[in-house]
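model-v9.txt (compact mmCIF, C-alpha atoms)
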```txt
# COMPACT_ATOMS: atom_id res chain seq x y z
CA MET A 1 -118.49 70.23 -7.57
CA SER A 2 -121.18 72.89 -7.44
CA SER A 3 -122.32 74.88 -10.43
CA ASP A 4 -120.65 77.96 -8.94
CA GLU A 5 -117.18 76.42 -8.83
CA PRO A 6 -114.87 77.28 -11.69
CA VAL A 7 -114.10 74.44 -14.05
CA ARG A 8 -110.49 73.26 -14.00
CA ASP A 9 -108.84 74.45 -17.19
CA GLU A 10 -105.97 72.27 -18.38
CA ARG A 11 -105.58 73.82 -21.81
CA PRO A 12 -102.06 74.91 -22.76
CA ALA A 13 -100.92 78.38 -21.77
CA GLY A 14 -101.76 80.85 -24.50
CA PHE A 15 -104.54 78.65 -25.89
CA ASP A 16 -107.13 81.06 -27.30
CA GLU A 17 -110.11 78.80 -27.95
CA LEU A 18 -112.45 81.64 -28.92
CA GLY A 19 -109.94 83.02 -31.42
CA LEU A 20 -109.31 79.58 -32.89
CA VAL A 21 -113.04 78.87 -33.18
CA ARG A 22 -113.63 82.16 -34.99
CA ARG A 23 -110.72 81.49 -37.36
CA ALA A 24 -111.98 77.94 -37.99
CA GLN A 25 -115.47 79.33 -38.69
CA MET A 26 -113.89 81.37 -41.48
CA GLY A 27 -112.36 78.20 -42.94
CA SER A 28 -108.97 77.94 -41.23
CA ALA A 29 -108.16 74.22 -41.18
CA SER A 30 -105.05 74.87 -39.06
CA ALA A 31 -107.14 76.61 -36.38
CA PHE A 32 -109.58 73.69 -36.32
CA GLU A 33 -106.68 71.23 -36.19
CA ARG A 34 -105.36 73.02 -33.07
CA LEU A 35 -108.82 72.70 -31.46
CA VAL A 36 -108.80 68.99 -32.29
CA VAL A 37 -105.32 68.50 -30.81
CA VAL A 38 -106.23 70.25 -27.56
CA ARG A 39 -109.81 69.03 -27.07
CA GLY A 40 -109.50 65.60 -28.70
CA PRO A 41 -107.92 63.66 -25.81
CA ASP A 42 -110.62 64.63 -23.29
CA LEU A 43 -113.34 63.92 -25.83
CA TYR A 44 -111.79 60.54 -26.64
CA ARG A 45 -111.67 59.56 -22.95
CA TYR A 46 -115.33 60.51 -22.58
CA LEU A 47 -116.29 58.43 -25.62
CA ALA A 48 -114.12 55.47 -24.58
CA ILE A 49 -115.68 55.35 -21.13
CA ARG A 50 -119.19 55.86 -22.47
CA LEU A 51 -118.90 53.33 -25.29
CA ARG A 52 -116.52 50.93 -23.46
CA ASN A 53 -114.81 50.07 -26.73
CA GLU A 54 -111.73 51.76 -28.18
CA SER A 55 -112.64 51.18 -31.81
CA ASP A 56 -116.14 52.58 -31.32
CA ALA A 57 -114.69 55.55 -29.43
CA ARG A 58 -112.26 56.32 -32.25
CA ASP A 59 -115.08 56.07 -34.81
CA ALA A 60 -117.34 58.35 -32.78
CA LEU A 61 -114.49 60.83 -32.25
CA GLN A 62 -113.76 60.98 -35.98
CA GLU A 63 -117.46 61.42 -36.76
CA THR A 64 -117.72 64.12 -34.09
CA PHE A 65 -114.91 66.20 -35.53
CA ALA A 66 -116.16 65.72 -39.11
CA ALA A 67 -119.64 66.89 -38.08
CA ALA A 68 -118.19 69.78 -36.07
CA TRP A 69 -116.08 70.97 -39.00
CA GLN A 70 -119.13 70.95 -41.28
CA ALA A 71 -121.40 72.69 -38.75
CA LEU A 72 -118.84 75.13 -37.35
CA PRO A 73 -119.75 78.02 -39.67
CA SER A 74 -123.29 77.97 -38.26
CA LEU A 75 -122.22 77.93 -34.58
CA ARG A 76 -123.92 81.04 -33.20
CA HIS A 77 -121.99 81.31 -29.94
CA PRO A 78 -118.29 80.61 -30.52
CA GLY A 79 -117.66 80.99 -26.79
CA ARG A 80 -119.78 77.86 -26.21
CA PHE A 81 -117.66 75.68 -28.51
CA TRP A 82 -116.74 73.04 -25.91
CA PRO A 83 -120.28 72.19 -24.72
CA TRP A 84 -121.43 72.29 -28.35
CA LEU A 85 -118.67 69.84 -29.32
CA VAL A 86 -119.53 67.55 -26.39
CA ALA A 87 -123.19 67.55 -27.48
CA ILE A 88 -122.14 66.43 -30.96
CA ALA A 89 -119.98 63.68 -29.40
CA ALA A 90 -122.88 62.52 -27.20
CA HIS A 91 -125.11 62.20 -30.27
CA LYS A 92 -122.42 60.38 -32.24
CA ALA A 93 -121.84 58.00 -29.30
CA ALA A 94 -125.56 57.23 -29.22
CA ASP A 95 -125.50 56.57 -32.97
CA VAL A 96 -122.52 54.24 -32.65
CA ALA A 97 -124.09 52.40 -29.70
CA ARG A 98 -127.35 51.89 -31.63
CA ALA A 99 -125.49 50.54 -34.66
CA ARG A 100 -123.30 48.19 -32.63
CA PRO A 101 -124.15 44.50 -32.51
CA PRO A 102 -125.49 43.60 -29.03
CA ALA A 103 -122.62 41.25 -28.19
CA SER A 104 -119.75 43.56 -29.15
CA GLU A 105 -116.48 42.84 -27.44
CA GLN A 106 -115.67 45.30 -24.69
CA VAL A 107 -112.09 46.51 -24.69
CA ASP A 108 -110.43 47.98 -21.63
CA VAL A 109 -109.44 51.60 -22.16
CA VAL A 110 -106.70 53.56 -20.46
CA GLY A 111 -107.09 57.22 -19.64
CA ALA A 112 -106.23 59.90 -17.13
CA THR A 113 -109.49 61.15 -15.66
CA ASN A 114 -110.74 60.48 -12.16
CA LEU A 115 -113.38 58.17 -13.69
CA ASP A 116 -110.80 55.86 -15.22
CA SER A 117 -110.03 53.37 -12.47
CA LEU A 118 -111.19 49.88 -13.35
CA GLU A 119 -113.33 49.69 -10.19
CA ILE A 120 -115.10 52.96 -10.99
CA ARG A 121 -115.57 52.07 -14.67
CA ASP A 122 -117.11 48.74 -13.68
CA ALA A 123 -119.45 50.50 -11.26
CA LEU A 124 -120.34 53.11 -13.92
CA ASP A 125 -121.22 50.29 -16.32
CA ARG A 126 -123.79 49.04 -13.82
CA LEU A 127 -125.50 52.43 -13.50
CA PRO A 128 -128.51 53.30 -15.65
CA PRO A 129 -127.35 55.19 -18.77
CA ARG A 130 -129.03 58.47 -17.70
CA PHE A 131 -127.02 58.44 -14.45
CA ARG A 132 -123.76 57.36 -16.09
CA GLU A 133 -124.06 60.12 -18.70
CA VAL A 134 -124.49 62.86 -16.08
CA LEU A 135 -121.43 61.64 -14.17
CA LEU A 136 -119.32 61.46 -17.33
CA LEU A 137 -120.29 64.96 -18.39
CA ARG A 138 -119.99 66.57 -14.96
CA TYR A 139 -116.89 64.81 -13.62
CA GLY A 140 -115.25 63.22 -16.66
CA LEU A 141 -115.43 66.34 -18.81
CA GLU A 142 -116.02 68.77 -15.95
CA LEU A 143 -118.95 70.50 -17.62
CA SER A 144 -121.08 72.80 -15.50
CA GLU A 145 -124.63 71.75 -14.65
CA GLN A 146 -125.88 74.21 -17.26
CA GLU A 147 -123.57 72.82 -19.94
CA ALA A 148 -124.49 69.21 -19.10
CA ALA A 149 -128.18 70.13 -19.28
CA ALA A 150 -127.65 71.66 -22.73
CA VAL A 151 -125.77 68.56 -23.94
CA LEU A 152 -128.48 66.22 -22.65
CA GLY A 153 -131.39 68.43 -23.67
CA VAL A 154 -132.84 68.49 -20.16
CA ARG A 155 -133.37 71.11 -17.45
CA VAL A 156 -130.62 72.01 -14.99
CA GLY A 157 -132.79 70.64 -12.17
CA THR A 158 -132.84 67.28 -13.93
CA VAL A 159 -129.04 67.27 -14.12
CA LYS A 160 -128.85 68.12 -10.41
CA SER A 161 -131.27 65.38 -9.35
CA ARG A 162 -129.76 62.75 -11.66
CA GLY A 163 -126.30 63.74 -10.46
CA ALA A 164 -127.25 63.36 -6.81
CA ARG A 165 -128.93 60.03 -7.42
CA ALA A 166 -126.04 58.85 -9.60
CA ARG A 167 -123.44 59.74 -6.95
CA LYS A 168 -125.45 57.90 -4.30
CA ALA A 169 -125.87 54.83 -6.52
CA LEU A 170 -122.18 54.87 -7.44
CA GLU A 171 -121.22 55.14 -3.78
CA GLU A 172 -123.39 52.10 -2.99
CA LEU A 173 -121.80 50.11 -5.82
CA LEU A 174 -118.29 50.97 -4.62
CA ARG A 175 -118.88 49.79 -1.04
```
Would you put the structure from the file into structure tokens?
Amino acid sequence: MSSDEPVRDERPAGFDELGLVRRAQMGSASAFERLVVVRGPDLYRYLAIRLRNESDARDALQETFAAAWQALPSLRHPGRFWPWLVAIAAHKAADVARARPPASEQVDVVGATNLDSLEIRDALDRLPPRFREVLLLRYGLELSEQEAAAVLGVRVGTVKSRGARARKALEELLR
């Protein structure tokens, strides 16, 4: 997927994310709830793959949406809600991973992204975290290179190089 390709949009017909974000910024809990219902499953899959534990993923998801609700009024660019939300989730996942005991039990998760096969998840687990994160953002959540760079706090060139190296390493692991 190149940065020029359009991102696949699987949101329901008539889903007006920008309108919902603006309403939620003005305090509409029902608008925010709709955003949670539509965006929550993809965010959960990302967290479950990244954290490799369903309970941790649920905790991080809940913390993500709580933090997003509190910070939503200060979101300057409502049209960038999704990458902003993913960045919050990435930070919450890092917090959960740091707080987790080293020998936490890993629970198999079931999802519907192209990164969900057991073979691919096992290979992803063996990648360095910086490579795994780029693949999850780019192909699990289908963020653009620019959006992934913003989430990770790195340059677009870094996302491109990590992505290329991650794909090569993943290919080697899957042989």
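Here CA of Glu54 in chain A and CA of Asp95 in chain A stand 15.4 Å from one another.
CA of Ala150 in chain A is positioned 14.7 Å from CA of Gly163 in chain A.
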Pick out the residues sitting within 9 Å of Ala93 in chain A, and hand them over as a PDB file with C-alpha atoms, in the frame of the given file; count all atoms listed in the file, and ignore anything fewer than 2 positions along from it in its own chain.
```pdb
ATOM      1  CA  LEU A  47    -116.290  58.430 -25.620  1.00  0.00           C
ATOM      2  CA  ARG A  50    -119.190  55.860 -22.470  1.00  0.00           C
ATOM      3  CA  LEU A  51    -118.900  53.330 -25.290  1.00  0.00           C
ATOM      4  CA  ASP A  56    -116.140  52.580 -31.320  1.00  0.00           C
ATOM      5  CA  ALA A  57    -114.690  55.550 -29.430  1.00  0.00           C
ATOM      6  CA  ASP A  59    -115.080  56.070 -34.810  1.00  0.00           C
ATOM      7  CA  ALA A  60    -117.340  58.350 -32.780  1.00  0.00           C
ATOM      8  CA  LEU A  61    -114.490  60.830 -32.250  1.00  0.00           C
ATOM      9  CA  THR A  64    -117.720  64.120 -34.090  1.00  0.00           C
ATOM     10  CA  ILE A  88    -122.140  66.430 -30.960  1.00  0.00           C
ATOM     11  CA  ALA A  89    -119.980  63.680 -29.400  1.00  0.00           C
ATOM     12  CA  ALA A  90    -122.880  62.520 -27.200  1.00  0.00           C
ATOM     13  CA  HIS A  91    -125.110  62.200 -30.270  1.00  0.00           C
ATOM     14  CA  ASP A  95    -125.500  56.570 -32.970  1.00  0.00           C
ATOM     15  CA  VAL A  96    -122.520  54.240 -32.650  1.00  0.00           C
ATOM     16  CA  ALA A  97    -124.090  52.400 -29.700  1.00  0.00           C
ATOM     17  CA  ARG A  98    -127.350  51.890 -31.630  1.00  0.00           C
TER      18      ARG A  98
END
```
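Reported to one decimal place, the separation of CA of Ala87 in chain A from CA of Glu142 in chain A is 13.6 Å.
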Reconstruct all heavy atoms of range 68-79 of chain A; output as a PDB file, in the coordinates of the input.
```
ATOM      1  N   ALA A  68    -118.485  68.451 -36.616  1.00  0.00           N
ATOM      2  CA  ALA A  68    -118.190  69.780 -36.070  1.00  0.00           C
ATOM      3  C   ALA A  68    -117.600  70.690 -37.151  1.00  0.00           C
ATOM      4  O   ALA A  68    -117.972  71.863 -37.249  1.00  0.00           O
ATOM      5  CB  ALA A  68    -117.239  69.667 -34.881  1.00  0.00           C
ATOM      6  N   TRP A  69    -116.691  70.166 -37.935  1.00  0.00           N
ATOM      7  CA  TRP A  69    -116.080  70.970 -39.000  1.00  0.00           C
ATOM      8  C   TRP A  69    -117.141  71.452 -39.977  1.00  0.00           C
ATOM      9  O   TRP A  69    -117.147  72.617 -40.379  1.00  0.00           O
ATOM     10  CB  TRP A  69    -114.997  70.162 -39.712  1.00  0.00           C
ATOM     11  CG  TRP A  69    -114.405  70.866 -40.898  1.00  0.00           C
ATOM     12  CD1 TRP A  69    -114.543  70.529 -42.203  1.00  0.00           C
ATOM     13  CD2 TRP A  69    -113.578  72.048 -40.881  1.00  0.00           C
ATOM     14  NE1 TRP A  69    -113.854  71.419 -43.007  1.00  0.00           N
ATOM     15  CE2 TRP A  69    -113.252  72.361 -42.211  1.00  0.00           C
ATOM     16  CE3 TRP A  69    -113.088  72.866 -39.870  1.00  0.00           C
ATOM     17  CZ2 TRP A  69    -112.469  73.453 -42.567  1.00  0.00           C
ATOM     18  CZ3 TRP A  69    -112.297  73.957 -40.226  1.00  0.00           C
ATOM     19  CH2 TRP A  69    -111.994  74.234 -41.548  1.00  0.00           C
ATOM     20  N   GLN A  70    -118.075  70.568 -40.340  1.00  0.00           N
ATOM     21  CA  GLN A  70    -119.130  70.950 -41.280  1.00  0.00           C
ATOM     22  C   GLN A  70    -120.097  71.967 -40.670  1.00  0.00           C
ATOM     23  O   GLN A  70    -120.559  72.865 -41.358  1.00  0.00           O
ATOM     24  CB  GLN A  70    -119.912  69.722 -41.729  1.00  0.00           C
ATOM     25  CG  GLN A  70    -119.131  68.849 -42.675  1.00  0.00           C
ATOM     26  CD  GLN A  70    -119.969  67.690 -43.174  1.00  0.00           C
ATOM     27  OE1 GLN A  70    -120.761  67.115 -42.445  1.00  0.00           O
ATOM     28  NE2 GLN A  70    -119.770  67.344 -44.441  1.00  0.00           N
ATOM     29  N   ALA A  71    -120.405  71.817 -39.389  1.00  0.00           N
ATOM     30  CA  ALA A  71    -121.400  72.690 -38.750  1.00  0.00           C
ATOM     31  C   ALA A  71    -120.807  73.950 -38.142  1.00  0.00           C
ATOM     32  O   ALA A  71    -121.544  74.864 -37.780  1.00  0.00           O
ATOM     33  CB  ALA A  71    -122.141  71.901 -37.662  1.00  0.00           C
ATOM     34  N   LEU A  72    -119.495  74.006 -38.031  1.00  0.00           N
ATOM     35  CA  LEU A  72    -118.840  75.130 -37.350  1.00  0.00           C
ATOM     36  C   LEU A  72    -119.235  76.499 -37.891  1.00  0.00           C
ATOM     37  O   LEU A  72    -119.455  77.417 -37.098  1.00  0.00           O
ATOM     38  CB  LEU A  72    -117.324  74.938 -37.377  1.00  0.00           C
ATOM     39  CG  LEU A  72    -116.512  75.810 -36.437  1.00  0.00           C
ATOM     40  CD1 LEU A  72    -116.976  75.658 -34.992  1.00  0.00           C
ATOM     41  CD2 LEU A  72    -115.041  75.444 -36.542  1.00  0.00           C
ATOM     42  N   PRO A  73    -119.366  76.683 -39.191  1.00  0.00           N
ATOM     43  CA  PRO A  73    -119.750  78.020 -39.670  1.00  0.00           C
ATOM     44  C   PRO A  73    -121.104  78.498 -39.125  1.00  0.00           C
ATOM     45  O   PRO A  73    -121.339  79.695 -39.018  1.00  0.00           O
ATOM     46  CB  PRO A  73    -119.812  77.855 -41.195  1.00  0.00           C
ATOM     47  CG  PRO A  73    -118.869  76.734 -41.480  1.00  0.00           C
ATOM     48  CD  PRO A  73    -119.022  75.792 -40.313  1.00  0.00           C
ATOM     49  N   SER A  74    -121.975  77.572 -38.755  1.00  0.00           N
ATOM     50  CA  SER A  74    -123.290  77.970 -38.260  1.00  0.00           C
ATOM     51  C   SER A  74    -123.352  78.054 -36.727  1.00  0.00           C
ATOM     52  O   SER A  74    -124.415  78.363 -36.179  1.00  0.00           O
ATOM     53  CB  SER A  74    -124.369  77.004 -38.766  1.00  0.00           C
ATOM     54  OG  SER A  74    -124.125  75.705 -38.261  1.00  0.00           O
ATOM     55  N   LEU A  75    -122.244  77.816 -36.046  1.00  0.00           N
ATOM     56  CA  LEU A  75    -122.220  77.930 -34.580  1.00  0.00           C
ATOM     57  C   LEU A  75    -122.439  79.390 -34.208  1.00  0.00           C
ATOM     58  O   LEU A  75    -121.633  80.259 -34.532  1.00  0.00           O
ATOM     59  CB  LEU A  75    -120.878  77.430 -34.024  1.00  0.00           C
ATOM     60  CG  LEU A  75    -120.656  77.588 -32.514  1.00  0.00           C
ATOM     61  CD1 LEU A  75    -121.684  76.785 -31.722  1.00  0.00           C
ATOM     62  CD2 LEU A  75    -119.232  77.154 -32.150  1.00  0.00           C
ATOM     63  N   ARG A  76    -123.544  79.659 -33.521  1.00  0.00           N
ATOM     64  CA  ARG A  76    -123.920  81.040 -33.200  1.00  0.00           C
ATOM     65  C   ARG A  76    -123.103  81.644 -32.067  1.00  0.00           C
ATOM     66  O   ARG A  76    -122.898  82.851 -32.020  1.00  0.00           O
ATOM     67  CB  ARG A  76    -125.393  81.110 -32.827  1.00  0.00           C
ATOM     68  CG  ARG A  76    -126.295  80.883 -33.976  1.00  0.00           C
ATOM     69  CD  ARG A  76    -127.735  81.114 -33.574  1.00  0.00           C
ATOM     70  NE  ARG A  76    -128.605  80.457 -34.518  1.00  0.00           N
ATOM     71  CZ  ARG A  76    -129.772  79.972 -34.222  1.00  0.00           C
ATOM     72  NH1 ARG A  76    -130.241  80.069 -32.995  1.00  0.00           N
ATOM     73  NH2 ARG A  76    -130.508  79.395 -35.136  1.00  0.00           N
ATOM     74  N   HIS A  77    -122.709  80.824 -31.125  1.00  0.00           N
ATOM     75  CA  HIS A  77    -121.990  81.310 -29.940  1.00  0.00           C
ATOM     76  C   HIS A  77    -120.618  80.648 -29.859  1.00  0.00           C
ATOM     77  O   HIS A  77    -120.472  79.617 -29.187  1.00  0.00           O
ATOM     78  CB  HIS A  77    -122.808  81.034 -28.673  1.00  0.00           C
ATOM     79  CG  HIS A  77    -124.190  81.597 -28.717  1.00  0.00           C
ATOM     80  ND1 HIS A  77    -124.437  82.948 -28.623  1.00  0.00           N
ATOM     81  CD2 HIS A  77    -125.394  81.004 -28.869  1.00  0.00           C
ATOM     82  CE1 HIS A  77    -125.737  83.156 -28.710  1.00  0.00           C
ATOM     83  NE2 HIS A  77    -126.344  81.989 -28.860  1.00  0.00           N
ATOM     84  N   PRO A  78    -119.623  81.221 -30.518  1.00  0.00           N
ATOM     85  CA  PRO A  78    -118.290  80.610 -30.520  1.00  0.00           C
ATOM     86  C   PRO A  78    -117.717  80.382 -29.122  1.00  0.00           C
ATOM     87  O   PRO A  78    -116.923  79.470 -28.922  1.00  0.00           O
ATOM     88  CB  PRO A  78    -117.440  81.614 -31.306  1.00  0.00           C
ATOM     89  CG  PRO A  78    -118.407  82.374 -32.130  1.00  0.00           C
ATOM     90  CD  PRO A  78    -119.672  82.432 -31.331  1.00  0.00           C
ATOM     91  N   GLY A  79    -118.135  81.167 -28.152  1.00  0.00           N
ATOM     92  CA  GLY A  79    -117.660  80.990 -26.790  1.00  0.00           C
ATOM     93  C   GLY A  79    -118.202  79.736 -26.115  1.00  0.00           C
ATOM     94  O   GLY A  79    -117.751  79.354 -25.049  1.00  0.00           O
TER      95      GLY A  79
END
```
